[in-house]
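Undergrad: So here's coords.csv, just CSV, C-alpha atoms (C1' of nucleotides):
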chain,number,residue,atom,x,y,z
A,1,MET,CA,-15.0,38.0,8.7
A,2,GLU,CA,-15.3,34.2,8.8
A,3,TYR,CA,-12.1,33.6,6.9
A,4,GLU,CA,-10.1,36.4,8.5
A,5,GLN,CA,-7.5,34.0,9.9
A,6,LEU,CA,-6.9,32.5,6.5
A,7,LYS,CA,-5.3,35.7,5.2
A,8,LEU,CA,-1.7,35.4,4.3
A,9,ASP,CA,-0.7,38.5,6.1
A,10,ASN,CA,-1.9,37.0,9.4
A,11,GLN,CA,0.4,34.0,9.2
A,12,LEU,CA,3.5,33.8,11.3
A,13,CYS,CA,4.7,30.7,9.4
A,14,PHE,CA,4.7,32.4,6.1
A,15,ARG,CA,6.9,35.1,7.4
A,16,LEU,CA,9.4,32.5,8.9
A,17,TYR,CA,9.3,30.7,5.6
A,18,THR,CA,10.0,33.8,3.6
A,19,ALA,CA,12.6,35.2,6.0
A,20,SER,CA,14.4,31.9,5.9
A,21,ARG,CA,14.5,31.8,2.1
A,22,LEU,CA,15.6,35.3,1.8
A,23,THR,CA,18.4,35.1,4.4
A,24,THR,CA,19.6,31.9,3.0
A,25,GLY,CA,19.7,33.6,-0.4
A,26,ALA,CA,21.7,36.4,1.2
A,27,TYR,CA,24.5,33.9,1.9
A,28,HIS,CA,24.6,32.9,-1.8
A,29,PRO,CA,27.1,35.5,-3.0
A,30,TYR,CA,29.5,34.4,-0.3
A,31,LEU,CA,29.0,30.6,-0.6
A,32,GLU,CA,28.9,30.3,-4.3
A,33,PRO,CA,32.6,31.3,-4.8
A,34,LEU,CA,33.4,28.5,-2.3
A,35,GLY,CA,31.4,26.0,-4.3
A,36,ILE,CA,29.1,25.1,-1.4
A,37,THR,CA,25.4,25.5,-0.6
A,38,TYR,CA,23.9,26.9,2.6
A,39,PRO,CA,23.0,23.4,4.1
A,40,GLN,CA,26.6,22.3,3.3
A,41,TYR,CA,27.9,25.4,5.1
A,42,LEU,CA,25.9,24.4,8.1
A,43,VAL,CA,27.5,21.0,8.1
A,44,LEU,CA,30.9,22.6,7.9
A,45,LEU,CA,30.0,24.9,10.9
A,46,VAL,CA,29.2,21.8,12.9
A,47,LEU,CA,32.4,20.0,11.9
A,48,TRP,CA,34.5,23.0,12.4
A,49,GLU,CA,33.3,23.1,16.0
A,50,LYS,CA,34.0,19.4,16.4
A,51,ASP,CA,35.5,17.2,13.8
A,52,ARG,CA,34.9,13.5,13.4
A,53,GLN,CA,31.2,13.1,14.2
A,54,PRO,CA,28.8,10.3,13.2
A,55,VAL,CA,26.0,11.2,10.8
A,56,ASN,CA,23.4,11.0,13.5
A,57,ASP,CA,25.1,13.7,15.7
A,58,ILE,CA,25.4,16.0,12.7
A,59,ALA,CA,21.7,15.5,11.9
A,60,ARG,CA,20.6,16.0,15.4
A,61,ARG,CA,22.6,19.2,15.7
A,62,LEU,CA,21.0,20.6,12.6
A,63,MET,CA,17.6,19.1,13.5
A,64,LEU,CA,17.4,17.4,10.2
A,65,GLU,CA,16.5,13.8,9.4
A,66,THR,CA,19.4,11.5,8.4
A,67,ASN,CA,17.8,10.9,5.1
A,68,THR,CA,18.4,14.6,4.4
A,69,VAL,CA,21.9,14.6,5.8
A,70,THR,CA,23.2,11.4,4.1
A,71,PRO,CA,22.8,12.6,0.5
A,72,LEU,CA,24.2,16.0,1.6
A,73,LEU,CA,27.3,14.3,3.0
A,74,GLN,CA,27.6,12.2,-0.1
A,75,ARG,CA,27.7,15.3,-2.2
A,76,MET,CA,30.2,16.9,0.2
A,77,GLU,CA,32.4,13.8,0.0
A,78,LYS,CA,32.3,13.9,-3.8
A,79,ALA,CA,33.4,17.6,-3.6
A,80,GLY,CA,36.3,16.6,-1.4
A,81,LEU,CA,35.3,18.5,1.7
A,82,ILE,CA,34.8,15.5,4.0
A,83,VAL,CA,35.4,11.7,4.2
A,84,ARG,CA,33.1,9.2,5.8
A,85,THR,CA,34.8,6.2,7.5
A,86,LYS,CA,33.3,3.2,9.2
A,87,GLY,CA,33.0,3.6,13.0
A,88,GLN,CA,35.4,1.6,15.2
A,89,GLU,CA,33.3,0.6,18.2
A,90,ASP,CA,30.0,0.7,16.4
A,91,SER,CA,30.4,-0.4,12.8
A,92,ARG,CA,26.9,0.8,11.9
A,93,GLN,CA,28.1,4.4,12.3
A,94,ARG,CA,29.8,6.4,9.6
A,95,ILE,CA,32.2,8.9,11.1
A,96,VAL,CA,32.4,12.2,9.1
A,97,SER,CA,35.7,13.9,9.1
A,98,LEU,CA,37.0,17.1,7.4
A,99,THR,CA,39.6,16.8,4.7
A,100,LYS,CA,42.4,19.2,4.3
A,101,LYS,CA,40.2,21.1,1.9
A,102,GLY,CA,37.4,21.1,4.4
A,103,ILE,CA,39.6,22.4,7.1
A,104,GLU,CA,41.1,25.1,5.0
A,105,MET,CA,37.7,26.4,3.9
A,106,ARG,CA,37.2,27.7,7.4
A,107,GLU,CA,39.8,30.4,6.8
A,108,GLN,CA,38.0,31.4,3.6
A,109,ALA,CA,34.6,31.4,5.4
A,110,LYS,CA,35.8,33.3,8.4
A,111,HIS,CA,34.4,36.6,7.4
A,112,ILE,CA,31.0,35.4,6.1
A,113,PRO,CA,29.1,36.1,9.3
A,114,GLU,CA,30.2,39.7,9.5
A,115,CYS,CA,29.7,40.2,5.8
A,116,LEU,CA,26.1,39.1,6.2
A,117,ALA,CA,25.6,41.3,9.2
A,118,THR,CA,26.8,44.2,7.2
A,119,ASP,CA,24.6,43.4,4.3
A,120,ILE,CA,21.6,43.1,6.5
A,121,ILE,CA,22.3,46.4,8.3
A,122,GLN,CA,22.8,48.1,5.0
A,123,LYS,CA,19.6,46.7,3.5
A,124,THR,CA,17.3,47.1,6.6
A,125,GLY,CA,19.0,49.7,8.7
A,126,GLU,CA,18.6,47.4,11.7
A,127,GLU,CA,20.5,44.8,13.6
A,128,GLU,CA,19.7,44.9,17.2
A,129,GLU,CA,16.1,44.3,16.4
A,130,PHE,CA,16.8,41.0,14.8
A,131,ALA,CA,18.9,39.8,17.7
A,132,LYS,CA,15.9,40.3,19.9
A,133,MET,CA,14.1,37.6,18.0
A,134,ILE,CA,16.7,35.0,18.9
A,135,PRO,CA,15.2,33.9,22.3
A,136,SER,CA,11.7,33.7,20.8
A,137,LEU,CA,13.0,31.6,17.9
A,138,ASP,CA,14.8,29.4,20.3
A,139,LYS,CA,11.7,28.9,22.4
A,140,LEU,CA,9.6,28.1,19.3
A,141,ILE,CA,12.2,25.7,18.0
A,142,GLU,CA,12.5,24.0,21.3
A,143,GLY,CA,8.8,23.5,21.6
A,144,LEU,CA,8.3,22.2,18.1
A,145,LYS,CA,11.4,20.0,18.1
A,146,GLN,CA,9.8,17.1,20.0
A,147,THR,CA,7.2,16.0,17.6
A,148,ASN,CA,7.7,12.2,17.4
A,149,ASN,CA,7.8,10.5,20.8
B,1,MET,CA,38.4,33.3,19.5
B,2,GLU,CA,39.1,33.9,15.9
B,3,TYR,CA,36.3,31.7,14.7
B,4,GLU,CA,33.7,32.7,17.3
B,5,GLN,CA,31.3,34.0,14.7
B,6,LEU,CA,31.4,30.7,12.8
B,7,LYS,CA,29.6,29.0,15.7
B,8,LEU,CA,26.2,27.6,14.8
B,9,ASP,CA,24.6,29.0,17.9
B,10,ASN,CA,25.5,32.5,16.9
B,11,GLN,CA,23.6,32.3,13.6
B,12,LEU,CA,20.2,34.0,13.2
B,13,CYS,CA,19.8,32.5,9.8
B,14,PHE,CA,20.0,28.9,11.1
B,15,ARG,CA,17.3,29.7,13.6
B,16,LEU,CA,15.0,31.1,10.9
B,17,TYR,CA,15.8,28.1,8.7
B,18,THR,CA,15.0,25.7,11.5
B,19,ALA,CA,11.9,27.5,12.8
B,20,SER,CA,10.6,27.6,9.2
B,21,ARG,CA,11.0,23.9,8.7
B,22,LEU,CA,9.5,23.0,12.0
B,23,THR,CA,6.5,25.3,11.7
B,24,THR,CA,5.9,24.1,8.2
B,25,GLY,CA,6.1,20.6,9.5
B,26,ALA,CA,3.5,21.5,12.2
B,27,TYR,CA,1.0,22.1,9.4
B,28,HIS,CA,1.5,18.7,8.0
B,29,PRO,CA,-1.1,16.9,10.1
B,30,TYR,CA,-3.8,19.3,8.9
B,31,LEU,CA,-2.7,19.6,5.3
B,32,GLU,CA,-2.1,15.9,4.6
B,33,PRO,CA,-5.8,15.0,5.0
B,34,LEU,CA,-6.6,17.6,2.4
B,35,GLY,CA,-4.0,16.2,0.1
B,36,ILE,CA,-2.0,19.5,-0.2
B,37,THR,CA,1.4,20.7,0.8
B,38,TYR,CA,2.3,23.8,2.6
B,39,PRO,CA,3.4,25.8,-0.5
B,40,GLN,CA,0.1,24.7,-2.2
B,41,TYR,CA,-1.7,25.9,0.9
B,42,LEU,CA,-0.1,29.3,0.5
B,43,VAL,CA,-1.2,29.4,-3.1
B,44,LEU,CA,-4.7,28.7,-2.0
B,45,LEU,CA,-4.6,31.4,0.7
B,46,VAL,CA,-3.6,33.9,-2.1
B,47,LEU,CA,-6.4,32.7,-4.4
B,48,TRP,CA,-9.0,32.6,-1.6
B,49,GLU,CA,-8.3,36.3,-1.0
B,50,LYS,CA,-8.5,37.1,-4.7
B,51,ASP,CA,-9.5,34.6,-7.4
B,52,ARG,CA,-8.3,34.7,-11.0
B,53,GLN,CA,-4.7,36.0,-10.8
B,54,PRO,CA,-1.9,35.6,-13.3
B,55,VAL,CA,1.1,33.4,-12.3
B,56,ASN,CA,3.2,36.5,-11.8
B,57,ASP,CA,1.0,38.1,-9.2
B,58,ILE,CA,0.8,34.9,-7.2
B,59,ALA,CA,4.6,34.5,-7.4
B,60,ARG,CA,5.1,38.1,-6.3
B,61,ARG,CA,2.7,37.8,-3.4
B,62,LEU,CA,4.6,34.7,-2.2
B,63,MET,CA,7.9,36.2,-3.0
B,64,LEU,CA,8.8,33.2,-5.1
B,65,GLU,CA,10.2,32.9,-8.6
B,66,THR,CA,7.8,31.9,-11.3
B,67,ASN,CA,10.0,28.9,-12.0
B,68,THR,CA,9.0,27.7,-8.6
B,69,VAL,CA,5.4,28.6,-8.9
B,70,THR,CA,4.7,27.2,-12.4
B,71,PRO,CA,5.4,23.5,-11.5
B,72,LEU,CA,3.5,24.0,-8.2
B,73,LEU,CA,0.5,25.3,-10.1
B,74,GLN,CA,0.8,22.4,-12.6
B,75,ARG,CA,0.6,19.9,-9.8
B,76,MET,CA,-2.4,21.8,-8.3
B,77,GLU,CA,-4.1,21.8,-11.6
B,78,LYS,CA,-3.5,18.0,-12.0
B,79,ALA,CA,-5.0,17.7,-8.5
B,80,GLY,CA,-8.1,19.5,-9.6
B,81,LEU,CA,-7.7,22.5,-7.3
B,82,ILE,CA,-7.2,25.2,-10.0
B,83,VAL,CA,-7.3,25.8,-13.7
B,84,ARG,CA,-5.0,27.9,-15.8
B,85,THR,CA,-6.5,29.7,-18.7
B,86,LYS,CA,-4.9,32.0,-21.3
B,87,GLY,CA,-5.2,35.7,-20.5
B,88,GLN,CA,-7.6,37.8,-22.6
B,89,GLU,CA,-5.8,41.1,-22.9
B,90,ASP,CA,-2.3,39.7,-22.6
B,91,SER,CA,-2.1,36.3,-24.1
B,92,ARG,CA,1.3,35.6,-22.5
B,93,GLN,CA,-0.4,35.5,-19.2
B,94,ARG,CA,-1.9,32.4,-17.6
B,95,ILE,CA,-4.8,33.3,-15.3
B,96,VAL,CA,-5.1,30.9,-12.4
B,97,SER,CA,-8.6,30.3,-11.1
B,98,LEU,CA,-10.0,28.1,-8.3
B,99,THR,CA,-12.1,25.1,-9.3
B,100,LYS,CA,-15.2,24.1,-7.3
B,101,LYS,CA,-12.9,21.8,-5.3
B,102,GLY,CA,-10.5,24.6,-4.7
B,103,ILE,CA,-13.2,26.9,-3.5
B,104,GLU,CA,-14.7,24.3,-1.2
B,105,MET,CA,-11.4,23.4,0.4
B,106,ARG,CA,-11.5,26.8,2.1
B,107,GLU,CA,-14.3,25.5,4.3
B,108,GLN,CA,-12.2,22.5,5.3
B,109,ALA,CA,-9.1,24.7,5.9
B,110,LYS,CA,-11.0,27.3,7.9
B,111,HIS,CA,-9.8,26.1,11.3
B,112,ILE,CA,-6.2,25.3,10.4
B,113,PRO,CA,-4.8,28.7,11.7
B,114,GLU,CA,-6.4,28.3,15.1
B,115,CYS,CA,-5.5,24.6,15.3
B,116,LEU,CA,-1.9,25.6,14.7
B,117,ALA,CA,-2.0,28.4,17.3
B,118,THR,CA,-3.4,25.9,19.8
B,119,ASP,CA,-0.6,23.4,19.0
B,120,ILE,CA,2.1,26.0,19.4
B,121,ILE,CA,0.7,27.3,22.7
B,122,GLN,CA,0.5,23.8,24.0
B,123,LYS,CA,4.0,22.9,22.9
B,124,THR,CA,5.7,26.1,23.9
B,125,GLY,CA,3.5,27.7,26.4
B,126,GLU,CA,3.7,31.0,24.5
B,127,GLU,CA,1.9,32.9,21.9
B,128,GLU,CA,2.2,36.6,22.5
B,129,GLU,CA,5.9,36.3,22.4
B,130,PHE,CA,5.9,35.0,18.8
B,131,ALA,CA,3.5,37.7,17.6
B,132,LYS,CA,6.1,40.2,18.7
B,133,MET,CA,8.5,38.9,16.1
B,134,ILE,CA,6.2,39.8,13.3
B,135,PRO,CA,7.3,43.5,12.8
B,136,SER,CA,10.9,42.4,12.9
B,137,LEU,CA,10.4,39.7,10.4
B,138,ASP,CA,8.5,42.1,8.1
B,139,LYS,CA,11.4,44.5,8.3
B,140,LEU,CA,13.9,41.8,7.5
B,141,ILE,CA,11.8,40.5,4.6
B,142,GLU,CA,11.3,44.0,3.3
B,143,GLY,CA,15.0,44.7,3.4
B,144,LEU,CA,16.1,41.5,1.7
B,145,LYS,CA,13.3,41.4,-0.9
B,146,GLN,CA,15.0,43.8,-3.3
B,147,THR,CA,18.1,41.8,-4.3
B,148,ASN,CA,18.1,42.1,-8.1
B,149,ASN,CA,17.9,45.6,-9.4
C,1,DC,C1',22.5,-18.3,23.6
C,2,DA,C1',18.7,-17.6,20.1
C,3,DA,C1',15.0,-14.5,18.8
C,4,DA,C1',12.9,-10.1,18.8
C,5,DT,C1',13.7,-5.2,18.9
C,6,DT,C1',16.1,-1.1,18.4
C,7,DT,C1',19.6,1.7,16.2
C,8,DA,C1',22.5,3.9,12.4
C,9,DT,C1',22.6,4.7,8.0
C,10,DA,C1',21.1,4.3,3.2
C,11,DT,C1',17.8,4.3,-0.8
C,12,DC,C1',13.6,5.7,-3.2
C,13,DG,C1',9.9,8.8,-4.7
C,14,DT,C1',7.8,13.3,-4.5
C,15,DT,C1',7.8,18.1,-3.9
C,16,DC,C1',9.8,22.3,-3.5
C,17,DA,C1',13.4,26.2,-4.6
C,18,DC,C1',16.2,28.4,-7.8
C,19,DG,C1',19.8,29.6,-11.4
C,20,DA,C1',20.1,29.3,-16.3
C,21,DT,C1',17.9,29.1,-20.6
C,22,DG,C1',14.2,29.2,-24.1
C,23,DC,C1',10.2,31.2,-26.5
C,24,DA,C1',6.5,33.8,-27.9
C,25,DA,C1',3.8,38.0,-27.1
C,26,DA,C1',3.9,42.7,-26.0
C,27,DA,C1',6.1,47.2,-25.7
C,28,DG,C1',9.4,50.4,-27.0
C,29,DT,C1',12.4,52.5,-30.7
C,30,DA,C1',14.5,53.9,-35.1
D,1,DT,C1',6.7,49.5,-40.2
D,2,DA,C1',10.8,46.7,-39.1
D,3,DC,C1',13.9,45.9,-35.3
D,4,DT,C1',15.2,45.6,-30.6
D,5,DT,C1',14.1,45.0,-25.9
D,6,DT,C1',11.3,43.6,-22.3
D,7,DT,C1',7.9,40.7,-20.1
D,8,DG,C1',5.3,36.4,-18.8
D,9,DC,C1',5.7,31.9,-18.5
D,10,DA,C1',7.8,27.3,-19.2
D,11,DT,C1',11.6,23.9,-19.1
D,12,DC,C1',15.8,21.9,-17.4
D,13,DG,C1',19.2,20.6,-14.0
D,14,DT,C1',20.8,20.4,-9.3
D,15,DG,C1',20.2,20.3,-4.5
D,16,DA,C1',17.7,20.1,-0.6
D,17,DA,C1',13.7,18.1,2.7
D,18,DC,C1',11.1,14.4,4.1
D,19,DG,C1',7.9,10.2,4.4
D,20,DA,C1',8.4,5.4,3.6
D,21,DT,C1',11.1,1.5,3.3
D,22,DA,C1',15.4,-1.4,3.5
D,23,DT,C1',19.5,-3.4,5.7
D,24,DA,C1',22.9,-4.7,8.7
D,25,DA,C1',24.8,-4.2,13.2
D,26,DA,C1',24.0,-3.6,18.0
D,27,DT,C1',21.1,-4.4,22.0
D,28,DT,C1',17.5,-6.3,24.7
D,29,DT,C1',14.7,-10.1,26.0
D,30,DG,C1',13.1,-14.7,26.8
Any chance you could put this one into structure tokens?
TA:
Amino acid sequence: MEYEQLKLDNQLCFRLYTASRLTTGAYHPYLEPLGITYPQYLVLLVLWEKDRQPVNDIARRLMLETNTVTPLLQRMEKAGLIVRTKGQEDSRQRIVSLTKKGIEMREQAKHIPECLATDIIQKTGEEEEFAKMIPSLDKLIEGLKQTNN
Amino acid sequence: MEYEQLKLDNQLCFRLYTASRLTTGAYHPYLEPLGITYPQYLVLLVLWEKDRQPVNDIARRLMLETNTVTPLLQRMEKAGLIVRTKGQEDSRQRIVSLTKKGIEMREQAKHIPECLATDIIQKTGEEEEFAKMIPSLDKLIEGLKQTNN
DNA sequence: CAAATTTATATCGTTCACGATGCAAAAGTA
DNA sequence: TACTTTTGCATCGTGAACGATATAAATTTG
């Protein structure tokens, strides 16, 4: 079989791509009532851990480019979840801070992780098995992270 | 810790999302010379396995909605990789077939999977470990696939 | 200190991804 | 056979992702 490797079923990346889309989709029922998307939820997770961060720190934490994060933050600002202020020491920076609405959303989002865990267990009958993938995923991510240097 | 679960580092989905983006990005150096994107490459994988499929079959195979696949196919048609003809028995269907260019691209793409495997081994020092994730990913995908019914 | 370089963010263009909706052909039903 | 429902695909609008490019502020260098 000369083209055996070109079979879809042999591709790890396709599985990651699909699993990512489907798990992100599984968040939708919980995020939609809050009026946020999954990437916006990720930004909130970052800010709930540490408020008042420059754009670059948020981008690095999420391993996204700033040209992805900037428009994302603009939409979140328009939605009243954050504000972006000029940095004090470095005026090139834009410091992203949670608004009252952004802070309060944490309470509404509190149960989302366990809701998702329950959904996944209910739909797959598993949980432990998926936790076992975490170290491998971390190793893969760590290896692929450093592309440009 | 009331909000412990809301920490980014505790989220499986974020890892899948990141791993997916980074592995897809790892294909870029190989796909860009061919003038195709990763989703277009997936469509080609499907058609290389079995030519002349209706839009719906391709979408189902990739677990994507037709409203994602249709514009994708339109771009691929414009690029001369495929043609879309009206179905014979069922004239609602659009049968997607590879063109000469689409068929020949298989030869150019033949080594991409092993190139990627080599890259990943070189960057992470691992390979076996990632193969171990496959059954878990399949189980996750299978469980989450059936959302609407 | 002036000039060159780097850094932080923003803008633009293209391509997904997907919910919502539309439409015509096919299938099922009265 | 007429009517309803379903199916297959397309279109539209919104929100990511990201490469390429722009701009101003900081930093480094000569």
Undergrad: Distance limit 9 Å, atoms considered: only C-alpha atoms (C1' of nucleotides). Which chain B residues sit that close to chain C? Return them as a list in words.
TA: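 Within 9 Å of chain C on chain B, we get Thr37, Pro39, Leu64, Glu65, Asn67, Thr68, Leu72, Asp90, Ser91 and Arg92 of chain B.
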Undergrad: Please determine, counting all atoms listed in the file, which residue among D:DT11, D:DT6, D:DT23, D:DT1 has the shortest atom-to-atom distance to chain A.
TA: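 Using all atoms listed in the file, chain A sits closest to D:DT23.
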Undergrad: Dump as number ranges by chain all residues having an atom at most 7 Å from (11.6, 35.5, 5.9), computed in the file's coordinates with all atoms listed in the file.
TA: A: 15-23; B: 137, 140-141
Undergrad: For CA of Leu34 in chain B and CA of Asp51 in chain B, quote the distance in Å rounded to one decimal.
TA: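 Value for the CA of Leu34 in chain B-CA of Asp51 in chain B distance: 19.8 Å.
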Undergrad: Given only C-alpha atoms as the basis, pick out the residue of B:Thr70, B:Ser136, B:Thr118, B:Thr99 nearest to Tyr27 in chain B.
TA: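 Of all the options, B:Thr118 lies closest to Tyr27 in chain B.
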Undergrad: Find the residue from A:Tyr38, A:Tyr30, A:Phe130, A:Trp48 that sits nearest to chain D; use all atoms listed in the file when measuring.
TA: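 Result for the nearest residue to chain D: A:Tyr38.
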Undergrad: In Å to one decimal, how far is C1' of DC3 in chain D from CA of Gln93 in chain B?
TA: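 If I compute the distance from CA of Gln93 in chain B to C1' of DC3 in chain D, I get 23.9 Å.
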Undergrad: In terms of the shortest atom-to-atom distance over all atoms listed in the file, which of B:Thr124, B:Gln88, B:Thr66, B:Gln146 is closest to chain D?
TA: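 Once distances to chain D are computed over all atoms listed in the file, the minimum belongs to B:Thr66.
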